[in-house]
file work_37.txt (compact mmCIF, C-alpha atoms)
# COMPACT_ATOMS: atom_id res chain seq x y z
CA MET A 1 -17.24 10.53 -31.60
CA LEU A 2 -14.11 8.36 -31.44
CA GLN A 3 -14.91 4.67 -31.76
CA PHE A 4 -12.85 2.00 -30.00
CA ASP A 5 -13.33 -1.59 -28.95
CA VAL A 6 -11.97 -0.84 -25.48
CA VAL A 7 -11.71 2.38 -23.48
CA ILE A 8 -9.68 2.27 -20.28
CA ILE A 9 -10.12 5.02 -17.71
CA GLY A 10 -6.78 5.54 -15.98
CA ALA A 11 -3.18 5.40 -17.22
CA GLY A 12 -1.78 3.84 -14.07
CA ALA A 13 -0.24 0.43 -13.45
CA ALA A 14 -3.39 -1.65 -13.95
CA GLY A 15 -4.69 0.39 -16.88
CA LEU A 16 -1.43 0.29 -18.85
CA MET A 17 -1.02 -3.45 -18.31
CA CYS A 18 -4.60 -4.12 -19.37
CA ALA A 19 -4.32 -1.91 -22.44
CA ALA A 20 -1.23 -3.69 -23.77
CA GLN A 21 -2.76 -7.14 -23.24
CA SER A 22 -6.01 -6.19 -24.93
CA GLY A 23 -4.18 -4.49 -27.81
CA TYR A 24 -2.07 -7.58 -28.44
CA ARG A 25 -5.34 -9.47 -29.02
CA GLY A 26 -6.11 -7.15 -31.92
CA ARG A 27 -8.52 -4.93 -30.05
CA LYS A 28 -8.58 -1.20 -30.78
CA VAL A 29 -7.76 0.29 -27.37
CA ALA A 30 -7.81 3.83 -25.95
CA ILE A 31 -6.62 4.97 -22.54
CA VAL A 32 -8.01 8.23 -21.19
CA ASP A 33 -6.43 10.00 -18.23
CA MET A 34 -6.76 13.49 -16.79
CA GLY A 35 -3.03 13.78 -16.06
CA LYS A 36 -0.18 15.21 -18.09
CA LYS A 37 1.74 11.93 -18.14
CA VAL A 38 1.13 8.22 -17.65
CA GLY A 39 2.07 6.24 -14.55
CA ARG A 40 2.28 9.20 -12.19
CA LYS A 41 1.92 7.06 -9.06
CA ILE A 42 4.49 4.60 -10.37
CA LEU A 43 7.00 7.43 -10.80
CA ILE A 44 6.92 8.52 -7.15
CA SER A 45 6.72 5.03 -5.64
CA GLY A 46 9.53 3.44 -3.70
CA GLY A 47 11.37 6.71 -3.27
CA GLY A 48 11.43 7.11 -7.06
CA ARG A 49 12.73 3.58 -7.65
CA CYS A 50 9.40 1.73 -7.72
CA ASN A 51 9.05 -1.38 -5.57
CA PHE A 52 7.40 -3.04 -8.57
CA THR A 53 6.56 -6.45 -7.08
CA ASN A 54 7.33 -8.82 -4.24
CA GLU A 55 8.88 -12.25 -4.68
CA ASN A 56 6.63 -13.61 -1.92
CA ALA A 57 3.31 -12.25 -3.19
CA ALA A 58 0.50 -14.63 -2.18
CA PRO A 59 -3.24 -14.29 -1.47
CA GLU A 60 -2.64 -14.04 2.30
CA ASN A 61 -0.82 -10.73 1.72
CA TYR A 62 -4.08 -9.02 0.72
CA LEU A 63 -7.20 -7.74 2.44
CA CYS A 64 -10.28 -8.69 0.45
CA ALA A 65 -13.90 -9.54 1.25
CA ASN A 66 -13.58 -12.62 -0.98
CA PRO A 67 -10.20 -14.39 -0.50
CA HIS A 68 -10.79 -16.55 -3.61
CA PHE A 69 -10.93 -13.38 -5.73
CA VAL A 70 -7.25 -12.54 -5.14
CA LYS A 71 -6.17 -16.16 -5.42
CA SER A 72 -7.64 -16.39 -8.91
CA SER A 73 -5.86 -13.37 -10.42
CA LEU A 74 -2.50 -13.93 -8.70
CA SER A 75 -2.37 -17.54 -9.86
CA ARG A 76 -2.98 -16.56 -13.48
CA TYR A 77 -0.38 -13.78 -13.64
CA SER A 78 2.14 -14.01 -10.82
CA GLN A 79 5.12 -11.95 -9.69
CA HIS A 80 7.33 -14.35 -11.65
CA ASP A 81 5.47 -13.46 -14.84
CA PHE A 82 6.00 -9.76 -14.28
CA ILE A 83 9.68 -10.30 -13.42
CA GLU A 84 10.02 -12.18 -16.70
CA LEU A 85 8.46 -9.21 -18.53
CA VAL A 86 10.81 -6.61 -17.07
CA GLU A 87 13.84 -8.85 -17.61
CA ARG A 88 12.82 -9.22 -21.24
CA HIS A 89 13.04 -5.44 -21.48
CA GLY A 90 16.48 -5.44 -19.86
CA LEU A 91 15.45 -3.79 -16.58
CA ASN A 92 18.20 -3.67 -13.98
CA TYR A 93 16.73 -4.28 -10.53
CA HIS A 94 17.78 -5.33 -7.04
CA HIS A 95 16.39 -7.29 -4.13
CA LYS A 96 15.70 -5.73 -0.75
CA THR A 97 14.48 -7.24 2.50
CA LEU A 98 11.25 -9.24 2.70
CA GLY A 99 11.14 -10.05 -1.03
CA GLN A 100 10.89 -6.48 -2.33
CA LEU A 101 12.21 -5.74 -5.83
CA PHE A 102 13.29 -2.22 -6.84
CA CYS A 103 14.58 -0.62 -10.04
CA ASP A 104 18.32 0.04 -9.94
CA ASN A 105 17.92 3.34 -11.74
CA SER A 106 14.49 4.91 -11.68
CA ALA A 107 10.77 4.19 -11.57
CA GLN A 108 10.71 5.76 -15.03
CA ASP A 109 12.13 2.45 -16.29
CA ILE A 110 8.90 0.64 -15.33
CA VAL A 111 6.77 3.35 -16.95
CA ASP A 112 8.90 3.13 -20.11
CA ILE A 113 8.40 -0.64 -20.27
CA LEU A 114 4.63 -0.25 -20.00
CA LYS A 115 4.57 2.55 -22.56
CA THR A 116 6.62 0.43 -24.94
CA GLU A 117 4.24 -2.51 -24.50
CA CYS A 118 1.30 -0.22 -25.25
CA GLU A 119 3.02 1.18 -28.35
CA TRP A 120 3.76 -2.31 -29.65
CA ALA A 121 0.12 -3.25 -29.03
CA GLY A 122 -1.19 -0.19 -30.92
CA VAL A 123 -2.80 1.45 -27.88
CA GLU A 124 -3.78 5.13 -28.21
CA ILE A 125 -3.33 7.27 -25.09
CA PHE A 126 -5.35 10.44 -24.52
CA LEU A 127 -3.92 12.57 -21.71
CA ARG A 128 -5.46 15.69 -20.12
CA ASN A 129 -8.87 14.10 -20.69
CA GLU A 130 -10.99 14.30 -17.55
CA VAL A 131 -13.95 11.91 -17.62
CA LEU A 132 -17.15 13.89 -17.16
CA ASN A 133 -19.83 11.33 -17.91
CA VAL A 134 -20.35 7.63 -18.71
CA GLU A 135 -23.54 6.13 -20.08
CA ARG A 136 -24.70 3.08 -21.99
CA ASP A 137 -26.75 3.50 -25.16
CA GLU A 138 -29.55 1.36 -26.55
CA GLN A 139 -27.08 -0.75 -28.56
CA GLY A 140 -25.17 -1.61 -25.38
CA LEU A 141 -22.21 0.63 -26.26
CA TYR A 142 -20.54 2.64 -23.51
CA ILE A 143 -20.29 6.36 -24.24
CA VAL A 144 -17.50 8.12 -22.36
CA THR A 145 -17.55 11.91 -22.44
CA THR A 146 -14.34 13.68 -21.41
CA SER A 147 -13.32 17.31 -21.17
CA GLU A 148 -11.88 17.02 -24.69
CA GLN A 149 -13.94 14.52 -26.71
CA THR A 150 -16.40 11.64 -26.68
CA PHE A 151 -15.57 7.94 -27.05
CA SER A 152 -17.70 4.89 -27.71
CA CYS A 153 -16.70 1.31 -26.91
CA THR A 154 -18.04 -2.18 -26.34
CA SER A 155 -15.74 -2.74 -23.34
CA LEU A 156 -15.18 -0.10 -20.66
CA VAL A 157 -12.40 -0.73 -18.13
CA VAL A 158 -12.29 1.39 -14.99
CA ALA A 159 -8.69 1.57 -13.72
CA SER A 160 -9.02 4.98 -12.11
CA GLY A 161 -7.39 4.09 -8.79
CA GLY A 162 -8.51 5.12 -5.33
CA LEU A 163 -8.51 8.36 -3.37
CA THR A 164 -4.86 8.40 -2.33
CA MET A 165 -2.54 11.28 -3.19
CA PRO A 166 -5.13 13.78 -4.47
CA LYS A 167 -2.29 16.04 -5.66
CA LEU A 168 -1.68 13.44 -8.36
CA GLY A 169 -5.27 13.78 -9.51
CA ALA A 170 -7.04 11.08 -7.49
CA THR A 171 -10.83 11.38 -7.82
CA PRO A 172 -13.83 9.19 -6.90
CA ILE A 173 -14.84 8.79 -10.58
CA GLY A 174 -14.40 5.00 -10.48
CA TYR A 175 -16.67 4.65 -7.47
CA LYS A 176 -19.29 6.90 -9.09
CA ILE A 177 -19.32 4.72 -12.21
CA ALA A 178 -19.69 1.59 -10.08
CA GLU A 179 -22.64 3.10 -8.20
CA GLN A 180 -24.21 4.29 -11.45
CA PHE A 181 -24.35 0.69 -12.67
CA GLY A 182 -25.63 -0.71 -9.38
CA LEU A 183 -22.43 -2.16 -7.93
CA LYS A 184 -21.91 -2.28 -4.18
CA LEU A 185 -19.03 -0.29 -2.68
CA LEU A 186 -17.25 -1.14 0.55
CA PRO A 187 -16.42 1.86 2.79
CA THR A 188 -13.17 3.55 1.81
CA THR A 189 -10.39 4.81 4.06
CA ALA A 190 -6.70 5.63 3.82
CA ALA A 191 -4.39 2.63 4.25
CA LEU A 192 -0.64 2.09 4.46
CA VAL A 193 -0.56 5.50 6.10
CA PRO A 194 1.26 7.16 9.05
CA PHE A 195 -0.54 7.68 12.37
CA THR A 196 -1.08 11.04 13.97
CA LEU A 197 -0.98 11.28 17.77
CA HIS A 198 -3.08 13.07 20.36
CA ASP A 199 -1.61 16.32 21.64
CA HIS A 200 -0.49 14.79 24.96
CA ASP A 201 1.41 12.03 23.15
CA LYS A 202 2.92 14.51 20.69
CA ALA A 203 4.20 16.48 23.68
CA ARG A 204 5.63 13.30 25.23
CA PHE A 205 7.66 12.47 22.15
CA GLU A 206 8.55 15.94 21.02
CA GLY A 207 12.16 15.93 19.87
CA LEU A 208 12.17 12.30 18.73
CA SER A 209 11.44 13.07 15.07
CA GLY A 210 13.69 10.99 12.84
CA ILE A 211 14.33 8.20 15.37
CA SER A 212 13.75 4.69 14.02
CA VAL A 213 13.33 1.50 16.07
CA ASP A 214 13.06 -2.12 14.90
CA SER A 215 9.76 -3.23 16.46
CA LEU A 216 6.97 -5.78 16.43
CA VAL A 217 3.70 -3.87 16.05
CA SER A 218 0.34 -5.50 16.79
CA SER A 219 -3.25 -4.41 16.16
CA GLU A 220 -6.18 -5.27 18.39
CA ASP A 221 -7.25 -8.05 16.00
CA GLY A 222 -3.90 -9.82 16.56
CA THR A 223 -2.26 -8.90 13.25
CA GLN A 224 1.50 -8.32 13.66
CA PHE A 225 4.30 -6.83 11.57
CA ARG A 226 8.01 -6.77 12.37
CA GLU A 227 9.82 -3.81 10.78
CA ASN A 228 10.97 -0.32 11.77
CA ILE A 229 8.78 2.33 13.33
CA LEU A 230 9.71 5.97 12.75
CA PHE A 231 8.91 8.95 14.96
CA THR A 232 7.81 12.02 12.98
CA HIS A 233 6.84 15.53 14.05
CA ARG A 234 3.20 14.53 13.47
CA GLY A 235 3.21 11.05 14.98
CA LEU A 236 4.39 7.59 13.98
CA SER A 237 5.39 6.24 10.58
CA GLY A 238 7.83 3.64 9.23
CA PRO A 239 7.08 0.33 7.50
CA ALA A 240 5.61 -1.45 10.54
CA ILE A 241 3.23 1.43 11.25
CA LEU A 242 2.14 1.70 7.60
CA GLN A 243 1.46 -2.05 7.56
CA ILE A 244 -0.61 -2.09 10.75
CA SER A 245 -2.62 0.97 9.67
CA SER A 246 -4.57 -1.23 7.25
CA PHE A 247 -5.81 -3.28 10.22
CA TRP A 248 -6.39 -0.40 12.65
CA GLN A 249 -9.76 1.20 13.34
CA ALA A 250 -10.46 4.57 14.93
CA GLY A 251 -10.38 4.45 18.72
CA GLN A 252 -8.21 1.35 18.89
CA ALA A 253 -4.73 1.11 20.38
CA VAL A 254 -1.70 -0.53 18.83
CA SER A 255 0.86 -2.48 20.85
CA ILE A 256 4.55 -2.02 20.08
CA ASN A 257 7.27 -4.43 21.23
CA LEU A 258 10.40 -2.27 21.08
CA LEU A 259 12.73 -5.19 21.83
CA PRO A 260 11.12 -8.11 19.98
CA ASP A 261 14.15 -10.40 20.26
CA THR A 262 14.59 -9.87 24.00
CA ASN A 263 12.92 -11.18 27.16
CA VAL A 264 13.10 -7.83 28.92
CA THR A 265 12.23 -9.20 32.37
CA ASP A 266 15.08 -11.73 32.26
CA LEU A 267 17.44 -9.08 30.90
CA LEU A 268 16.67 -6.63 33.69
CA HIS A 269 17.18 -9.29 36.36
CA ASP A 270 20.50 -10.16 34.75
CA TRP A 271 21.55 -6.51 34.72
CA ARG A 272 20.57 -6.12 38.36
CA GLN A 273 22.70 -9.09 39.34
CA ASN A 274 25.72 -8.70 37.04
CA GLN A 275 25.88 -5.03 36.04
CA GLY A 276 24.27 -3.49 39.08
CA GLN A 277 26.44 -0.36 39.30
CA LYS A 278 25.53 0.74 35.76
CA SER A 279 22.52 2.98 35.27
CA VAL A 280 19.36 1.64 33.65
CA LYS A 281 19.56 4.61 31.28
CA ASN A 282 23.01 3.68 29.98
CA LEU A 283 22.22 -0.03 29.75
CA LEU A 284 19.03 0.59 27.77
CA GLY A 285 20.96 3.08 25.64
CA GLN A 286 22.95 0.12 24.30
CA LEU A 287 19.74 -1.40 22.91
CA LEU A 288 17.57 1.61 22.00
CA PRO A 289 18.23 5.14 20.69
CA LYS A 290 19.45 7.27 23.59
CA ARG A 291 16.98 10.08 22.88
CA PHE A 292 14.14 7.60 23.10
CA VAL A 293 15.40 6.21 26.42
CA GLU A 294 15.65 9.77 27.77
CA ALA A 295 12.05 10.41 26.75
CA LEU A 296 10.91 7.29 28.65
CA ILE A 297 12.85 8.45 31.71
CA ASN A 298 11.42 11.97 31.49
CA GLU A 299 7.88 10.62 31.56
CA ASN A 300 8.75 8.21 34.42
CA SER A 301 8.12 5.07 32.37
CA VAL A 302 11.71 4.07 33.16
CA PRO A 303 13.52 5.05 36.43
CA ASP A 304 16.91 6.73 36.23
CA LYS A 305 18.86 4.69 38.79
CA PRO A 306 21.51 1.95 39.02
CA ALA A 307 20.28 -1.46 37.88
CA ASN A 308 20.86 -3.03 41.33
CA GLN A 309 18.32 -0.63 42.85
CA LEU A 310 15.45 -1.78 40.62
CA THR A 311 12.50 -3.24 42.49
CA HIS A 312 10.50 -6.18 41.16
CA GLY A 313 7.63 -3.79 40.47
CA GLU A 314 9.87 -1.46 38.48
CA ILE A 315 11.22 -4.38 36.47
CA ASP A 316 7.66 -5.43 35.61
CA THR A 317 6.77 -1.84 34.61
CA ILE A 318 9.83 -1.42 32.40
CA ALA A 319 9.23 -4.81 30.76
CA ALA A 320 5.60 -3.91 30.04
CA THR A 321 6.64 -0.53 28.62
CA LEU A 322 9.28 -1.95 26.28
CA SER A 323 7.54 -5.21 25.29
CA ALA A 324 3.96 -4.00 24.99
CA TRP A 325 4.03 -0.23 24.64
CA GLN A 326 0.41 0.84 24.12
CA ILE A 327 -0.29 3.87 21.97
CA LYS A 328 -3.72 5.04 20.84
CA PRO A 329 -3.41 7.05 17.62
CA ASN A 330 -5.50 10.16 17.14
CA GLY A 331 -6.00 9.18 13.50
CA THR A 332 -4.02 8.91 10.31
CA GLU A 333 -2.50 11.44 7.93
CA GLY A 334 -5.27 10.51 5.50
CA TYR A 335 -5.30 10.19 1.72
CA ARG A 336 -2.68 12.92 1.30
CA THR A 337 0.17 10.59 2.29
CA ALA A 338 -1.48 7.15 2.14
CA GLU A 339 -0.05 4.55 -0.22
CA VAL A 340 -3.42 2.99 -1.07
CA THR A 341 -7.17 3.17 -0.48
CA LEU A 342 -8.79 0.47 1.64
CA GLY A 343 -12.25 -0.47 0.38
CA GLY A 344 -13.86 0.27 -2.98
CA VAL A 345 -15.80 -1.81 -5.50
CA ASP A 346 -16.91 -5.01 -3.75
CA SER A 347 -15.03 -7.97 -5.25
CA ASN A 348 -18.21 -10.05 -4.96
CA GLU A 349 -19.69 -7.82 -7.68
CA LEU A 350 -16.96 -8.88 -10.15
CA SER A 351 -15.85 -12.02 -11.92
CA SER A 352 -12.64 -13.23 -10.29
CA LYS A 353 -11.44 -14.46 -13.68
CA THR A 354 -12.22 -11.48 -15.92
CA PHE A 355 -12.99 -8.57 -13.52
CA GLU A 356 -16.22 -7.96 -15.44
CA ALA A 357 -19.12 -6.56 -13.43
CA LYS A 358 -21.77 -9.25 -12.95
CA LYS A 359 -24.52 -6.64 -13.35
CA ALA A 360 -23.16 -4.85 -16.45
CA LYS A 361 -21.82 -6.74 -19.44
CA GLY A 362 -18.65 -5.19 -20.88
CA LEU A 363 -17.88 -3.11 -17.75
CA TYR A 364 -14.69 -4.00 -15.85
CA PHE A 365 -12.97 -2.75 -12.69
CA ILE A 366 -9.28 -3.42 -12.02
CA GLY A 367 -6.52 -2.27 -9.67
CA GLU A 368 -6.95 -0.01 -6.68
CA VAL A 369 -10.53 1.01 -7.48
CA THR A 370 -11.54 -2.47 -6.29
CA GLU A 371 -11.54 -3.29 -2.58
CA VAL A 372 -8.38 -5.43 -2.75
CA THR A 373 -5.57 -3.95 -0.64
CA GLY A 374 -2.12 -5.47 -0.42
CA TRP A 375 0.57 -5.17 2.21
CA LEU A 376 3.38 -2.66 1.87
CA GLY A 377 6.29 -3.90 -0.23
CA GLY A 378 5.26 -4.29 -3.88
CA TYR A 379 2.08 -6.27 -3.29
CA ASN A 380 -0.30 -3.60 -4.57
CA PHE A 381 1.66 -3.22 -7.80
CA GLN A 382 1.52 -6.98 -8.27
CA TYR A 383 -2.26 -6.92 -7.89
CA ALA A 384 -2.37 -4.13 -10.49
CA TRP A 385 -0.32 -6.24 -12.94
CA SER A 386 -2.36 -9.38 -12.22
CA SER A 387 -5.77 -7.73 -12.49
CA GLY A 388 -4.75 -5.74 -15.58
CA TRP A 389 -3.39 -8.84 -17.29
CA ALA A 390 -6.48 -10.94 -16.50
CA CYS A 391 -8.88 -8.27 -17.73
CA GLY A 392 -6.78 -7.66 -20.85
CA GLN A 393 -7.28 -11.26 -21.92
CA VAL A 394 -11.01 -10.76 -22.37
CA CYS A 395 -12.01 -7.09 -22.62
call {"tool": "encode", "arguments": {"input": "work_37.txt", "output": "structure tokens"}}
result
Amino acid sequence: MLQFDVVIIGAGAAGLMCAAQSGYRGRKVAIVDMGKKVGRKILISGGGRCNFTNENAAPENYLCANPHFVKSSLSRYSQHDFIELVERHGLNYHHKTLGQLFCDNSAQDIVDILKTECEWAGVEIFLRNEVLNVERDEQGLYIVTTSEQTFSCTSLVVASGGLTMPKLGATPIGYKIAEQFGLKLLPTTAALVPFTLHDHDKARFEGLSGISVDSLVSSEDGTQFRENILFTHRGLSGPAILQISSFWQAGQAVSINLLPDTNVTDLLHDWRQNQGQKSVKNLLGQLLPKRFVEALINENSVPDKPANQLTHGEIDTIAATLSAWQIKPNGTEGYRTAEVTLGGVDSNELSSKTFEAKKAKGLYFIGEVTEVTGWLGGYNFQYAWSSGWACGQVC
């Protein structure tokens, strides 16, 4: 049996950060992971360039049963702290819209920084080690049995992630450990994920795959996001759709304002009066992708006639279509393409300062395995860094 002070299950963002912090405190730390390499999800994130944090990260950018829980960890290790870390390692990065920060070169740079931190802190990493069983002995030590060996430790940190991207090895092991020790789980579902459409809607928008439109998308609870939507051969994707998916529930519709900066009713009246000889199709084609306008005309949502022939009723219909287009998704693409898992270990079961389970001394849960879910745009990585750092100070 290999004896360590700390065993961390999962060599992802939260686990690597936690391991380095704990190792720097003089703790003997092991990371176990079933994969062939560390940071697999980091490597494919952000199109391979890793949107590693967001300059605007704040508690309101997260879904969590206990808002104070996120506030505590983010305030103790913020995006500015992580930026300072990567700058210390000489990372070249750039700013994108809405506060997103990306590596100039490759997501591998972030993984290399974390690996270096772990090496400096004396962390031992055991790859290709699938966790088979966890138990606690009479002395209070945690015994972790993997496919390769057995570990004992006084502190066990579960950083196993959620259910997203099963091809990268996602498993429910973290949730099983939580249940084993009596912790409550909140229902899990795919989040930050594209929508699929019903067959009749797929037929309506056949041929629009690849078209992107700047839109304001709203869920039935009033949450709104302003970014692009993207038509795919399966349904709808794009940043605004991924964002709203975290707030959508099965059976609900989403409302899409396709011209969020325009009062469409006023615009149509202006066209009728001042550009009356021009067709509605051509005028709308100046504001929206032509293929999309043609699809609206083909399904009779927009009439194909000169602007001066529009009736008041037609103007109202067109305005409603473009300003509050209602679409009821069939579902989502699920964990296969989702960025994160919504739900997980109830934050009320954990200390907001240390991430230790209130019911099991020495047992910690950090990162995506907990029910904290951030917006798209680097927020989930920041929560991983913050939770890993906080746990690493005490485990």
call {"tool": "closest_residue", "arguments": {"input": "work_37.txt", "among": "A:Leu85, A:Val293, A:Ile241, A:Leu183", "to": "A:Ala357", "atoms": "all atoms listed in the file"}}
result
A:Leu183
call {"tool": "closest_residue", "arguments": {"input": "work_37.txt", "among": "A:Thr370, A:Ser237, A:Thr189, A:Thr97", "to": "A:Thr164", "atoms": "all atoms listed in the file"}}
result
A:Thr189
call {"tool": "residues_around", "arguments": {"input": "work_37.txt", "residues": "A:Thr145", "least_positions_apart": "5", "cutoff": "10 Å", "atoms": "only C-alpha atoms", "output": "number ranges by chain"}}
result
A: 1, 129-135, 150-152
call {"tool": "axis_aligned_box", "arguments": {"input": "work_37.txt", "around": "stretch 251-260 of chain A", "padding_each_side": "5 Å", "output": "AutoDock Vina command-line options"}}
result
--center_x 1.2 --center_y -1.8 --center_z 20.3 --size_x 33.1 --size_y 22.6 --size_z 13.1
call {"tool": "closest_residue", "arguments": {"input": "work_37.txt", "among": "A:His95, A:Arg336, A:His269, A:Lys167", "to": "A:Asn56", "atoms": "all atoms listed in the file"}}
result
A:His95
call {"tool": "decode", "arguments": {"input": "work_37.txt", "residues": "stretch 114-135 of chain A", "atoms": "N, CA and C atoms", "output": "compact mmCIF listing (two decimals), in the first residue's frame"}}
result
# COMPACT_ATOMS: atom_id res chain seq x y z
N LEU A 114 0.77 23.96 -14.96
CA LEU A 114 0.26 23.19 -13.82
C LEU A 114 1.16 22.00 -13.50
N LYS A 115 1.66 21.34 -14.54
CA LYS A 115 2.59 20.22 -14.32
C LYS A 115 3.87 20.71 -13.65
N THR A 116 4.36 21.85 -14.10
CA THR A 116 5.57 22.42 -13.49
C THR A 116 5.34 22.74 -12.03
N GLU A 117 4.20 23.35 -11.72
CA GLU A 117 3.87 23.67 -10.32
C GLU A 117 3.83 22.39 -9.49
N CYS A 118 3.24 21.35 -10.03
CA CYS A 118 3.17 20.08 -9.30
C CYS A 118 4.56 19.47 -9.09
N GLU A 119 5.40 19.56 -10.11
CA GLU A 119 6.78 19.05 -9.98
C GLU A 119 7.52 19.80 -8.90
N TRP A 120 7.42 21.12 -8.93
CA TRP A 120 8.10 21.94 -7.90
C TRP A 120 7.60 21.61 -6.51
N ALA A 121 6.32 21.23 -6.41
CA ALA A 121 5.72 20.95 -5.10
C ALA A 121 5.90 19.49 -4.68
N GLY A 122 6.57 18.69 -5.52
CA GLY A 122 6.85 17.29 -5.17
C GLY A 122 5.67 16.36 -5.30
N VAL A 123 4.70 16.72 -6.13
CA VAL A 123 3.50 15.89 -6.31
C VAL A 123 3.84 14.68 -7.18
N GLU A 124 3.32 13.52 -6.80
CA GLU A 124 3.47 12.31 -7.62
C GLU A 124 2.16 12.07 -8.38
N ILE A 125 2.28 11.80 -9.67
CA ILE A 125 1.09 11.60 -10.51
C ILE A 125 1.06 10.17 -11.01
N PHE A 126 -0.07 9.50 -10.79
CA PHE A 126 -0.26 8.11 -11.20
C PHE A 126 -1.35 8.07 -12.27
N LEU A 127 -0.94 7.92 -13.53
CA LEU A 127 -1.89 7.85 -14.63
C LEU A 127 -2.29 6.41 -14.90
N ARG A 128 -3.32 6.24 -15.74
CA ARG A 128 -3.87 4.91 -16.06
C ARG A 128 -4.23 4.16 -14.78
N ASN A 129 -4.72 4.86 -13.80
CA ASN A 129 -5.15 4.28 -12.53
C ASN A 129 -6.64 4.57 -12.34
N GLU A 130 -7.47 3.62 -12.70
CA GLU A 130 -8.91 3.80 -12.52
C GLU A 130 -9.29 3.48 -11.07
N VAL A 131 -10.00 4.39 -10.44
CA VAL A 131 -10.43 4.17 -9.05
C VAL A 131 -11.56 3.15 -9.02
N LEU A 132 -11.35 2.09 -8.27
CA LEU A 132 -12.32 1.00 -8.18
C LEU A 132 -13.11 1.05 -6.88
N ASN A 133 -12.45 1.52 -5.82
CA ASN A 133 -13.12 1.48 -4.52
C ASN A 133 -12.49 2.50 -3.57
N VAL A 134 -13.32 3.10 -2.72
CA VAL A 134 -12.86 4.00 -1.67
C VAL A 134 -13.53 3.59 -0.36
N GLU A 135 -12.73 3.49 0.69
CA GLU A 135 -13.32 3.21 2.00
C GLU A 135 -12.52 3.91 3.08
